[in-house]
file coords_2.cif (mmCIF, C-alpha atoms)
data_run
loop_
_atom_site.label_atom_id
_atom_site.label_comp_id
_atom_site.auth_asym_id
_atom_site.auth_seq_id
_atom_site.Cartn_x
_atom_site.Cartn_y
_atom_site.Cartn_z
CA MET A 492 10.21 43.32 -3.29
CA ARG A 493 10.30 40.76 -6.07
CA ILE A 494 7.26 38.61 -6.75
CA ARG A 495 7.25 35.65 -9.08
CA ILE A 496 4.64 33.38 -10.60
CA VAL A 497 5.92 29.84 -11.06
CA ASP A 498 4.18 26.96 -12.84
CA ALA A 499 4.92 23.83 -10.78
CA PHE A 500 4.84 20.13 -11.65
CA THR A 501 5.41 20.91 -15.31
CA ASP A 502 8.34 21.55 -17.65
CA ARG A 503 6.48 24.08 -19.81
CA PRO A 504 4.74 27.40 -19.14
CA PHE A 505 0.95 27.68 -18.87
CA ALA A 506 0.61 24.14 -17.51
CA GLY A 507 0.90 22.57 -14.09
CA ASN A 508 -0.11 24.58 -11.03
CA PRO A 509 0.80 28.29 -10.79
CA ALA A 510 1.95 29.68 -7.45
CA GLY A 511 3.01 33.10 -6.28
CA VAL A 512 6.41 33.19 -4.53
CA LEU A 513 7.72 36.04 -2.35
CA LEU A 514 11.08 35.90 -0.57
CA LEU A 515 10.99 38.20 2.47
CA ASP A 516 13.28 39.33 5.30
CA ALA A 517 10.57 38.41 7.83
CA PHE A 518 6.85 37.67 7.83
CA PRO A 519 4.65 40.80 7.94
CA GLY A 520 1.26 40.60 9.64
CA ASP A 521 -1.19 37.93 8.55
CA PRO A 522 -3.69 40.41 7.02
CA TRP A 523 -0.99 41.64 4.61
CA LEU A 524 -0.03 38.08 3.66
CA GLN A 525 -3.68 37.19 3.07
CA ASN A 526 -4.30 40.32 0.99
CA VAL A 527 -1.29 39.56 -1.23
CA ALA A 528 -2.52 35.99 -1.75
CA LEU A 529 -5.96 37.33 -2.66
CA GLU A 530 -4.38 39.78 -5.11
CA VAL A 531 -2.26 37.06 -6.72
CA ASN A 532 -5.42 34.91 -6.85
CA HIS A 533 -3.75 31.58 -7.56
CA ALA A 534 -4.42 28.41 -5.59
CA GLU A 535 -1.53 29.26 -3.25
CA THR A 536 1.00 31.99 -2.70
CA ALA A 537 4.16 31.05 -0.79
CA PHE A 538 5.96 33.41 1.57
CA ALA A 539 9.46 32.52 2.79
CA HIS A 540 12.26 34.16 4.75
CA PRO A 541 15.73 32.93 5.74
CA LEU A 542 16.42 31.57 9.22
CA PRO A 543 19.62 31.89 11.26
CA ALA A 544 22.35 29.40 10.40
CA GLY A 545 22.82 26.34 12.57
CA GLY A 546 19.16 25.53 13.16
CA ASP A 547 16.93 22.69 12.03
CA ALA A 548 15.74 24.62 8.95
CA ASP A 549 17.11 27.11 6.44
CA TRP A 550 13.93 29.02 5.55
CA ALA A 551 10.55 29.61 7.15
CA LEU A 552 7.68 28.95 4.73
CA ARG A 553 3.94 29.67 4.81
CA TRP A 554 1.22 29.17 2.21
CA PHE A 555 -2.00 31.12 1.66
CA THR A 556 -4.90 30.50 -0.70
CA PRO A 557 -7.01 33.54 -1.69
CA ALA A 558 -9.22 32.69 1.30
CA THR A 559 -7.06 31.21 4.08
CA GLU A 560 -3.69 29.89 5.28
CA VAL A 561 -3.14 26.16 4.74
CA ALA A 562 -1.09 23.61 6.69
CA MET A 563 0.60 21.97 3.71
CA CYS A 564 1.13 22.75 0.02
CA GLY A 565 3.30 20.76 -2.36
CA HIS A 566 3.28 22.79 -5.56
CA ALA A 567 4.04 26.12 -3.84
CA THR A 568 6.90 24.45 -1.93
CA LEU A 569 8.31 23.16 -5.20
CA ALA A 570 7.87 26.65 -6.70
CA THR A 571 9.71 28.26 -3.78
CA ALA A 572 12.60 25.79 -4.00
CA HIS A 573 12.75 26.43 -7.76
CA VAL A 574 13.08 30.19 -7.16
CA LEU A 575 15.75 29.72 -4.49
CA HIS A 576 17.81 27.45 -6.73
CA THR A 577 17.42 29.28 -10.05
CA THR A 578 18.26 32.66 -8.51
CA GLY A 579 21.26 31.32 -6.60
CA THR A 580 19.70 32.37 -3.29
CA HIS A 581 20.19 28.88 -1.87
CA ARG A 582 22.27 25.97 -3.12
CA GLY A 583 21.68 22.29 -2.50
CA PRO A 584 18.87 20.81 -0.41
CA VAL A 585 16.77 23.40 1.40
CA ARG A 586 14.98 22.74 4.71
CA PHE A 587 11.71 24.61 5.18
CA ALA A 588 10.19 25.18 8.62
CA THR A 589 6.41 24.93 8.14
CA ARG A 590 3.19 24.21 10.02
CA SER A 591 3.67 20.57 8.92
CA GLY A 592 7.19 20.30 10.32
CA VAL A 593 10.49 20.54 8.46
CA LEU A 594 10.07 19.79 4.74
CA ILE A 595 13.13 19.21 2.56
CA ALA A 596 13.40 20.11 -1.15
CA THR A 597 16.35 18.66 -3.07
CA PRO A 598 17.31 19.87 -6.57
CA GLY A 599 18.12 17.27 -9.24
CA GLU A 600 20.70 17.52 -12.00
CA ASP A 601 17.89 17.48 -14.57
CA GLY A 602 16.27 20.60 -13.11
CA SER A 603 13.64 18.72 -11.13
CA VAL A 604 12.98 19.18 -7.43
CA THR A 605 12.17 16.35 -5.00
CA LEU A 606 10.08 17.16 -1.94
CA ASP A 607 10.29 15.05 1.21
CA PHE A 608 6.81 15.20 2.82
CA PRO A 609 5.07 13.21 5.55
CA THR A 610 2.96 10.35 4.21
CA ALA A 611 -0.73 11.01 4.84
CA PRO A 612 -2.36 8.51 7.22
CA LEU A 613 -5.27 6.84 5.40
CA THR A 614 -8.28 5.67 7.35
CA ALA A 615 -11.02 3.76 5.53
CA VAL A 616 -14.46 5.28 6.05
CA ASP A 617 -17.94 4.60 4.77
CA VAL A 618 -18.80 6.67 1.71
CA PRO A 619 -20.63 9.64 3.23
CA GLU A 620 -24.25 10.01 2.29
CA GLY A 621 -24.61 12.52 -0.53
CA VAL A 622 -21.02 12.33 -1.82
CA ALA A 623 -21.98 10.34 -4.94
CA GLU A 624 -24.61 12.91 -5.87
CA ALA A 625 -22.31 15.88 -5.13
CA LEU A 626 -19.37 14.37 -7.02
CA GLY A 627 -21.42 13.07 -9.93
CA ALA A 628 -20.00 9.52 -9.67
CA ARG A 629 -20.35 6.66 -7.22
CA PRO A 630 -17.18 6.07 -5.16
CA LEU A 631 -15.88 2.52 -4.83
CA THR A 632 -13.91 3.32 -1.66
CA ALA A 633 -13.44 6.31 0.64
CA PHE A 634 -10.60 7.30 2.98
CA ASP A 635 -9.93 10.09 5.44
CA THR A 636 -6.47 11.57 4.77
CA GLY A 637 -5.69 12.90 8.26
CA PRO A 638 -5.46 16.38 9.79
CA ASP A 639 -2.61 17.80 7.66
CA ILE A 640 -4.37 17.10 4.36
CA GLY A 641 -8.00 17.26 5.45
CA ASP A 642 -9.44 15.66 2.32
CA LEU A 643 -11.78 12.81 1.53
CA LEU A 644 -10.03 10.46 -0.93
CA VAL A 645 -12.37 8.42 -3.13
CA GLU A 646 -11.68 5.92 -5.89
CA VAL A 647 -14.15 5.90 -8.79
CA ALA A 648 -14.78 3.31 -11.48
CA ASP A 649 -12.19 4.27 -14.09
CA GLU A 650 -10.06 7.01 -15.65
CA ARG A 651 -12.86 8.14 -17.95
CA THR A 652 -15.06 8.77 -14.93
CA VAL A 653 -12.38 11.00 -13.39
CA HIS A 654 -12.10 13.07 -16.57
CA ALA A 655 -15.88 13.42 -16.84
CA LEU A 656 -16.53 14.69 -13.28
CA ARG A 657 -18.59 17.88 -13.02
CA PRO A 658 -19.22 18.11 -9.27
CA ASP A 659 -21.68 20.25 -7.37
CA LEU A 660 -19.04 22.17 -5.42
CA LYS A 661 -21.43 23.70 -2.90
CA ALA A 662 -22.72 20.25 -1.99
CA LEU A 663 -19.22 18.75 -2.02
CA ALA A 664 -17.98 21.30 0.52
CA ALA A 665 -19.98 19.63 3.29
CA HIS A 666 -18.01 16.39 3.16
CA SER A 667 -14.45 17.29 4.23
CA GLU A 668 -12.28 19.95 5.82
CA ARG A 669 -10.49 20.98 2.60
CA GLY A 670 -12.08 19.02 -0.24
CA VAL A 671 -12.34 15.78 -2.18
CA ILE A 672 -9.70 13.87 -4.14
CA ALA A 673 -11.16 11.63 -6.85
CA THR A 674 -8.87 9.00 -8.35
CA ALA A 675 -8.74 5.93 -10.59
CA ARG A 676 -6.20 3.54 -12.05
CA ALA A 677 -4.67 4.61 -15.37
CA GLU A 678 -6.30 2.93 -18.35
CA ASN A 679 -3.03 2.74 -20.28
CA PRO A 680 0.15 2.83 -18.12
CA ALA A 681 2.21 2.86 -21.33
CA LEU A 682 1.37 6.57 -21.52
CA GLY A 683 3.71 7.14 -18.59
CA TYR A 684 1.44 7.39 -15.56
CA ASP A 685 -0.04 4.85 -13.16
CA PHE A 686 -3.08 6.63 -11.74
CA VAL A 687 -5.13 9.76 -12.37
CA SER A 688 -6.76 12.21 -9.99
CA ARG A 689 -8.67 15.45 -9.73
CA CYS A 690 -8.90 17.64 -6.62
CA PHE A 691 -11.82 19.86 -5.62
CA PHE A 692 -11.24 22.20 -2.64
CA PRO A 693 -14.24 24.55 -2.30
CA ASN A 694 -13.68 25.02 1.45
CA VAL A 695 -10.42 26.92 0.87
CA GLY A 696 -11.60 28.91 -2.13
CA ILE A 697 -10.29 26.58 -4.85
CA ASP A 698 -12.94 24.98 -7.06
CA GLU A 699 -10.42 22.66 -8.76
CA ASP A 700 -6.71 22.65 -8.02
CA PRO A 701 -4.59 22.11 -11.17
CA VAL A 702 -1.86 19.88 -9.62
CA THR A 703 -1.79 19.12 -5.88
CA GLY A 704 1.44 17.90 -4.32
CA SER A 705 -0.08 17.43 -0.86
CA ALA A 706 -2.84 15.21 -2.26
CA HIS A 707 -0.18 12.89 -3.64
CA THR A 708 1.03 12.16 -0.10
CA ALA A 709 -2.29 10.30 0.18
CA LEU A 710 -2.55 9.08 -3.42
CA ALA A 711 0.96 7.58 -3.36
CA PRO A 712 0.44 5.19 -0.42
CA TYR A 713 -3.05 4.31 -1.66
CA TRP A 714 -1.90 3.29 -5.13
CA SER A 715 1.43 1.85 -3.98
CA GLU A 716 -0.45 -0.69 -1.90
CA ARG A 717 -2.92 -1.40 -4.70
CA LEU A 718 -0.29 -1.74 -7.43
CA GLY A 719 2.50 -3.28 -5.36
CA ARG A 720 5.15 -0.70 -6.23
CA SER A 721 6.70 2.10 -4.16
CA VAL A 722 7.59 4.33 -7.14
CA LEU A 723 4.71 5.61 -9.27
CA THR A 724 3.70 8.55 -11.45
CA GLY A 725 0.38 10.31 -11.04
CA LEU A 726 -1.40 12.41 -13.64
CA GLN A 727 -3.64 15.13 -12.26
CA ALA A 728 -6.24 15.46 -14.98
CA SER A 729 -7.24 19.10 -14.52
CA PRO A 730 -7.51 21.37 -17.58
CA ARG A 731 -3.89 22.55 -16.99
CA SER A 732 -2.71 19.05 -16.05
CA GLY A 733 0.59 17.94 -14.54
CA ARG A 734 2.52 14.88 -13.42
CA VAL A 735 3.95 14.00 -10.02
CA ARG A 736 6.50 11.24 -9.52
CA THR A 737 5.97 9.63 -6.12
CA GLU A 738 7.99 7.29 -3.94
CA VAL A 739 6.66 5.98 -0.63
CA ARG A 740 9.27 5.43 2.08
CA GLY A 741 7.20 4.43 5.07
CA GLY A 742 6.28 7.57 6.96
CA ARG A 743 7.69 9.84 4.24
CA THR A 744 6.66 10.32 0.63
CA LEU A 745 8.93 11.83 -2.04
CA LEU A 746 7.25 14.03 -4.64
CA SER A 747 9.25 15.01 -7.72
CA GLY A 748 8.54 17.45 -10.51
CA ARG A 749 9.81 20.43 -12.44
CA ALA A 750 8.84 24.09 -12.48
CA VAL A 751 9.00 27.12 -14.78
CA THR A 752 9.07 30.79 -13.75
CA VAL A 753 6.64 32.63 -16.04
CA ILE A 754 6.32 36.10 -14.43
CA GLU A 755 8.74 38.18 -12.37
CA GLY A 756 8.08 41.72 -11.19
CA ASN A 757 7.94 44.17 -8.29
CA LEU A 758 5.34 44.24 -5.56
CA LEU A 759 4.73 47.91 -4.78
CA VAL A 760 2.83 47.72 -1.48
#
call {"tool": "encode", "arguments": {"input": "coords_2.cif", "output": "structure tokens"}}
result
Amino acid sequence: MRIRIVDAFTDRPFAGNPAGVLLLDAFPGDPWLQNVALEVNHAETAFAHPLPAGGDADWALRWFTPATEVAMCGHATLATAHVLHTTGTHRGPVRFATRSGVLIATPGEDGSVTLDFPTAPLTAVDVPEGVAEALGARPLTAFDTGPDIGDLLVEVADERTVHALRPDLKALAAHSERGVIATARAENPALGYDFVSRCFFPNVGIDEDPVTGSAHTALAPYWSERLGRSVLTGLQASPRSGRVRTEVRGGRTLLSGRAVTVIEGNLLV
């Protein structure tokens, strides 16, 4: 079967967030899916297969990190939609049946893909004891992002602080189900982005995720309320970096970006 590596939330190779993508006839057993994800060894590998016509969704979709299956993944969904559209396997909007419900990916005329995801419910919490020391910066605010995301979202003093973070990942793992999202307002919005973030997910085997679509379902409502605008652009300031255009529509958040296929080959097992 064909396996592809796609860089998502970027318009150039070797940037954004790489994901493995496999289009299947049906899902094999979970151990096989997990072993393939471990072999690919990117933040997520997406597995998809077509569903019968006439239902609520067109394709079934699952995501695995090298360590576990996850309930939601933005960049691997974008990567899968990119493969379906660029190979002619599916035309127009595609509806994915996932553990987080039906997620829709719509191709744009400019080559971008827009994902329609549920908006993460944000609940203000006290900054947990030890988070400042584990993160290496003192949070100004802290929010729980709900069961689908499973992160602790914290705002820190400024963009420079986000770039400078060097967290103690072992200590950070104790403070959320998946990990910690650190964010700050952009210092210079004229550069084309409104807020910055970095995402650390040691509990699912990812020290730092390059660009995290699912995290932006929490970042978008947080910054939309702070900045008074529904449409924003986020820069994820990882070493690979990438940008996510967001639009909050009540209970749904639209995430837009581009993708580039960088590797295509045969899986032999």
call {"tool": "residues_around", "arguments": {"input": "coords_2.cif", "residues": "A:Pro584", "least_positions_apart": "3", "cutoff": "7 Å", "atoms": "all atoms listed in the file", "output": "PyMOL selection string"}}
result
chain A and resi 595-598
call {"tool": "atom_distance", "arguments": {"input": "coords_2.cif", "atom1": "atom CA of A:Pro630", "atom2": "atom CA of A:Asp698"}}
result
19.5 Å
call {"tool": "residues_around", "arguments": {"input": "coords_2.cif", "residues": "A:Pro557", "least_positions_apart": "2", "cutoff": "10 Å", "atoms": "all atoms listed in the file", "output": "PyMOL selection string"}}
result
chain A and resi 524-536+555+559-560+695-697
call {"tool": "residues_around", "arguments": {"input": "coords_2.cif", "residues": "A:Thr744", "least_positions_apart": "4", "cutoff": "9 Å", "atoms": "only C-alpha atoms", "output": "JSON, numbers by chain"}}
result
{"A": [606, 607, 608, 609, 610, 611, 707, 708, 709, 711, 712, 737, 738, 739, 740]}
call {"tool": "write_last_selection", "arguments": {"input": "coords_2.cif", "atoms": "C-alpha atoms", "output": "PDB file, in the coordinates of the input"}}
result
ATOM      1  CA  LEU A 606      10.080  17.160  -1.940  1.00  0.00           C
ATOM      2  CA  ASP A 607      10.290  15.050   1.210  1.00  0.00           C
ATOM      3  CA  PHE A 608       6.810  15.200   2.820  1.00  0.00           C
ATOM      4  CA  PRO A 609       5.070  13.210   5.550  1.00  0.00           C
ATOM      5  CA  THR A 610       2.960  10.350   4.210  1.00  0.00           C
ATOM      6  CA  ALA A 611      -0.730  11.010   4.840  1.00  0.00           C
ATOM      7  CA  HIS A 707      -0.180  12.890  -3.640  1.00  0.00           C
ATOM      8  CA  THR A 708       1.030  12.160  -0.100  1.00  0.00           C
ATOM      9  CA  ALA A 709      -2.290  10.300   0.180  1.00  0.00           C
ATOM     10  CA  ALA A 711       0.960   7.580  -3.360  1.00  0.00           C
ATOM     11  CA  PRO A 712       0.440   5.190  -0.420  1.00  0.00           C
ATOM     12  CA  THR A 737       5.970   9.630  -6.120  1.00  0.00           C
ATOM     13  CA  GLU A 738       7.990   7.290  -3.940  1.00  0.00           C
ATOM     14  CA  VAL A 739       6.660   5.980  -0.630  1.00  0.00           C
ATOM     15  CA  ARG A 740       9.270   5.430   2.080  1.00  0.00           C
TER      16      ARG A 740
END
call {"tool": "closest_residue", "arguments": {"input": "coords_2.cif", "among": "A:Arg553, A:Lys661, A:His573, A:Arg493", "to": "A:Val751", "atoms": "all atoms listed in the file"}}
result
A:His573
call {"tool": "atom_distance", "arguments": {"input": "coords_2.cif", "atom1": "atom CA of A:Gly599", "atom2": "atom CA of A:Arg503"}}
result
17.1 Å
call {"tool": "resolve_selection", "arguments": {"input": "coords_2.cif", "expression": "the PyMOL selection byres ((chain A and resi 651) around 12)", "output": "list in words"}}
result
Ala628, Val647, Ala648, Asp649, Glu650, Thr652, Val653, His654, Ala655, Leu656, Ala673, Thr674, Ala675, Arg676, Ala677, Glu678, Asn679, Phe686, Val687, Ser688, Arg689 and Ala728 of chain A
call {"tool": "closest_residue", "arguments": {"input": "coords_2.cif", "among": "A:Tyr713, A:Ala544, A:Thr556, A:Leu682", "to": "A:Ala615", "atoms": "only C-alpha atoms"}}
result
A:Tyr713
call {"tool": "resolve_selection", "arguments": {"input": "coords_2.cif", "expression": "the PyMOL selection byres ((chain A and resi 636) around 10)", "output": "VMD selection string"}}
result
chain A and resid 610 to 615 633 to 635 637 to 644 667 672 706 708 to 710
call {"tool": "write_last_selection", "arguments": {"input": "coords_2.cif", "atoms": "C-alpha atoms", "output": "PDB file, in the coordinates of the input"}}
result
ATOM      1  CA  THR A 610       2.960  10.350   4.210  1.00  0.00           C
ATOM      2  CA  ALA A 611      -0.730  11.010   4.840  1.00  0.00           C
ATOM      3  CA  PRO A 612      -2.360   8.510   7.220  1.00  0.00           C
ATOM      4  CA  LEU A 613      -5.270   6.840   5.400  1.00  0.00           C
ATOM      5  CA  THR A 614      -8.280   5.670   7.350  1.00  0.00           C
ATOM      6  CA  ALA A 615     -11.020   3.760   5.530  1.00  0.00           C
ATOM      7  CA  ALA A 633     -13.440   6.310   0.640  1.00  0.00           C
ATOM      8  CA  PHE A 634     -10.600   7.300   2.980  1.00  0.00           C
ATOM      9  CA  ASP A 635      -9.930  10.090   5.440  1.00  0.00           C
ATOM     10  CA  GLY A 637      -5.690  12.900   8.260  1.00  0.00           C
ATOM     11  CA  PRO A 638      -5.460  16.380   9.790  1.00  0.00           C
ATOM     12  CA  ASP A 639      -2.610  17.800   7.660  1.00  0.00           C
ATOM     13  CA  ILE A 640      -4.370  17.100   4.360  1.00  0.00           C
ATOM     14  CA  GLY A 641      -8.000  17.260   5.450  1.00  0.00           C
ATOM     15  CA  ASP A 642      -9.440  15.660   2.320  1.00  0.00           C
ATOM     16  CA  LEU A 643     -11.780  12.810   1.530  1.00  0.00           C
ATOM     17  CA  LEU A 644     -10.030  10.460  -0.930  1.00  0.00           C
ATOM     18  CA  SER A 667     -14.450  17.290   4.230  1.00  0.00           C
ATOM     19  CA  ILE A 672      -9.700  13.870  -4.140  1.00  0.00           C
ATOM     20  CA  ALA A 706      -2.840  15.210  -2.260  1.00  0.00           C
ATOM     21  CA  THR A 708       1.030  12.160  -0.100  1.00  0.00           C
ATOM     22  CA  ALA A 709      -2.290  10.300   0.180  1.00  0.00           C
ATOM     23  CA  LEU A 710      -2.550   9.080  -3.420  1.00  0.00           C
TER      24      LEU A 710
END
call {"tool": "resolve_selection", "arguments": {"input": "coords_2.cif", "expression": "the PyMOL selection byres ((chain A and resi 541) around 8)", "output": "list in words"}}
result
Leu515, Asp516, Ala517, Ala539, His540, Leu542, Pro543, Asp549, Trp550 and Ala551 of chain A
call {"tool": "atom_distance", "arguments": {"input": "coords_2.cif", "atom1": "atom CA of A:Val645", "atom2": "atom CA of A:Glu624"}}
result
13.3 Å
call {"tool": "closest_residue", "arguments": {"input": "coords_2.cif", "among": "A:Gly520, A:Val574, A:Met492, A:Pro619", "to": "A:Leu759", "atoms": "all atoms listed in the file"}}
result
A:Met492
call {"tool": "closest_residue", "arguments": {"input": "coords_2.cif", "among": "A:Thr501, A:Ser729, A:Thr568, A:Thr752", "to": "A:Ser591", "atoms": "all atoms listed in the file"}}
result
A:Thr568
call {"tool": "build_atoms", "arguments": {"input": "coords_2.cif", "residues": "stretch 504-514 of chain A", "atoms": "all heavy atoms", "output": "CSV table (one decimal), keeping the file's coordinate frame"}}
result
chain,number,residue,atom,x,y,z
A,504,PRO,N,5.6,26.4,-19.7
A,504,PRO,CA,4.7,27.4,-19.1
A,504,PRO,C,3.3,27.2,-19.5
A,504,PRO,O,3.0,26.4,-20.4
A,504,PRO,CB,5.3,28.7,-19.8
A,504,PRO,CG,6.0,28.2,-21.0
A,504,PRO,CD,6.5,26.9,-20.7
A,505,PHE,N,2.4,27.7,-18.7
A,505,PHE,CA,1.0,27.7,-18.9
A,505,PHE,C,0.4,26.3,-18.7
A,505,PHE,O,-0.7,25.9,-19.2
A,505,PHE,CB,0.5,28.2,-20.3
A,505,PHE,CG,1.2,29.5,-20.6
A,505,PHE,CD1,1.9,29.6,-21.8
A,505,PHE,CD2,1.2,30.6,-19.7
A,505,PHE,CE1,2.6,30.8,-22.1
A,505,PHE,CE2,1.8,31.8,-20.1
A,505,PHE,CZ,2.5,31.9,-21.2
A,506,ALA,N,1.1,25.5,-17.9
A,506,ALA,CA,0.6,24.1,-17.5
A,506,ALA,C,0.9,24.0,-16.0
A,506,ALA,O,1.4,24.9,-15.4
A,506,ALA,CB,1.2,23.0,-18.4
A,507,GLY,N,0.6,22.8,-15.5
A,507,GLY,CA,0.9,22.6,-14.1
A,507,GLY,C,0.1,23.5,-13.2
A,507,GLY,O,-1.0,24.0,-13.6
A,508,ASN,N,0.6,23.8,-12.0
A,508,ASN,CA,-0.1,24.6,-11.0
A,508,ASN,C,0.7,25.9,-10.7
A,508,ASN,O,1.8,25.8,-10.2
A,508,ASN,CB,-0.3,23.8,-9.7
A,508,ASN,CG,-1.4,24.3,-8.9
A,508,ASN,OD1,-2.0,25.4,-9.2
A,508,ASN,ND2,-1.8,23.6,-7.8
A,509,PRO,N,0.1,27.0,-11.0
A,509,PRO,CA,0.8,28.3,-10.8
A,509,PRO,C,0.8,28.7,-9.3
A,509,PRO,O,-0.3,28.5,-8.6
A,509,PRO,CB,0.0,29.3,-11.6
A,509,PRO,CG,-1.3,28.7,-11.7
A,509,PRO,CD,-1.2,27.2,-11.7
A,510,ALA,N,1.9,29.2,-8.8
A,510,ALA,CA,2.0,29.7,-7.4
A,510,ALA,C,2.7,31.0,-7.4
A,510,ALA,O,3.7,31.2,-8.2
A,510,ALA,CB,2.7,28.7,-6.6
A,511,GLY,N,2.2,31.9,-6.6
A,511,GLY,CA,3.0,33.1,-6.3
A,511,GLY,C,4.1,32.8,-5.3
A,511,GLY,O,3.9,31.9,-4.4
A,512,VAL,N,5.3,33.4,-5.4
A,512,VAL,CA,6.4,33.2,-4.5
A,512,VAL,C,7.0,34.5,-4.2
A,512,VAL,O,7.4,35.3,-5.0
A,512,VAL,CB,7.5,32.3,-5.2
A,512,VAL,CG1,8.7,32.2,-4.2
A,512,VAL,CG2,7.0,30.9,-5.5
A,513,LEU,N,7.1,34.8,-2.9
A,513,LEU,CA,7.7,36.0,-2.4
A,513,LEU,C,8.8,35.6,-1.3
A,513,LEU,O,8.5,34.9,-0.4
A,513,LEU,CB,6.7,37.0,-1.7
A,513,LEU,CG,5.8,37.8,-2.6
A,513,LEU,CD1,4.5,37.0,-2.9
A,513,LEU,CD2,5.5,39.2,-2.1
A,514,LEU,N,10.0,36.1,-1.5
A,514,LEU,CA,11.1,35.9,-0.6
A,514,LEU,C,11.2,37.2,0.2
A,514,LEU,O,11.4,38.3,-0.3
A,514,LEU,CB,12.4,35.6,-1.3
A,514,LEU,CG,12.4,34.4,-2.2
A,514,LEU,CD1,13.8,34.2,-2.8
A,514,LEU,CD2,11.9,33.1,-1.5
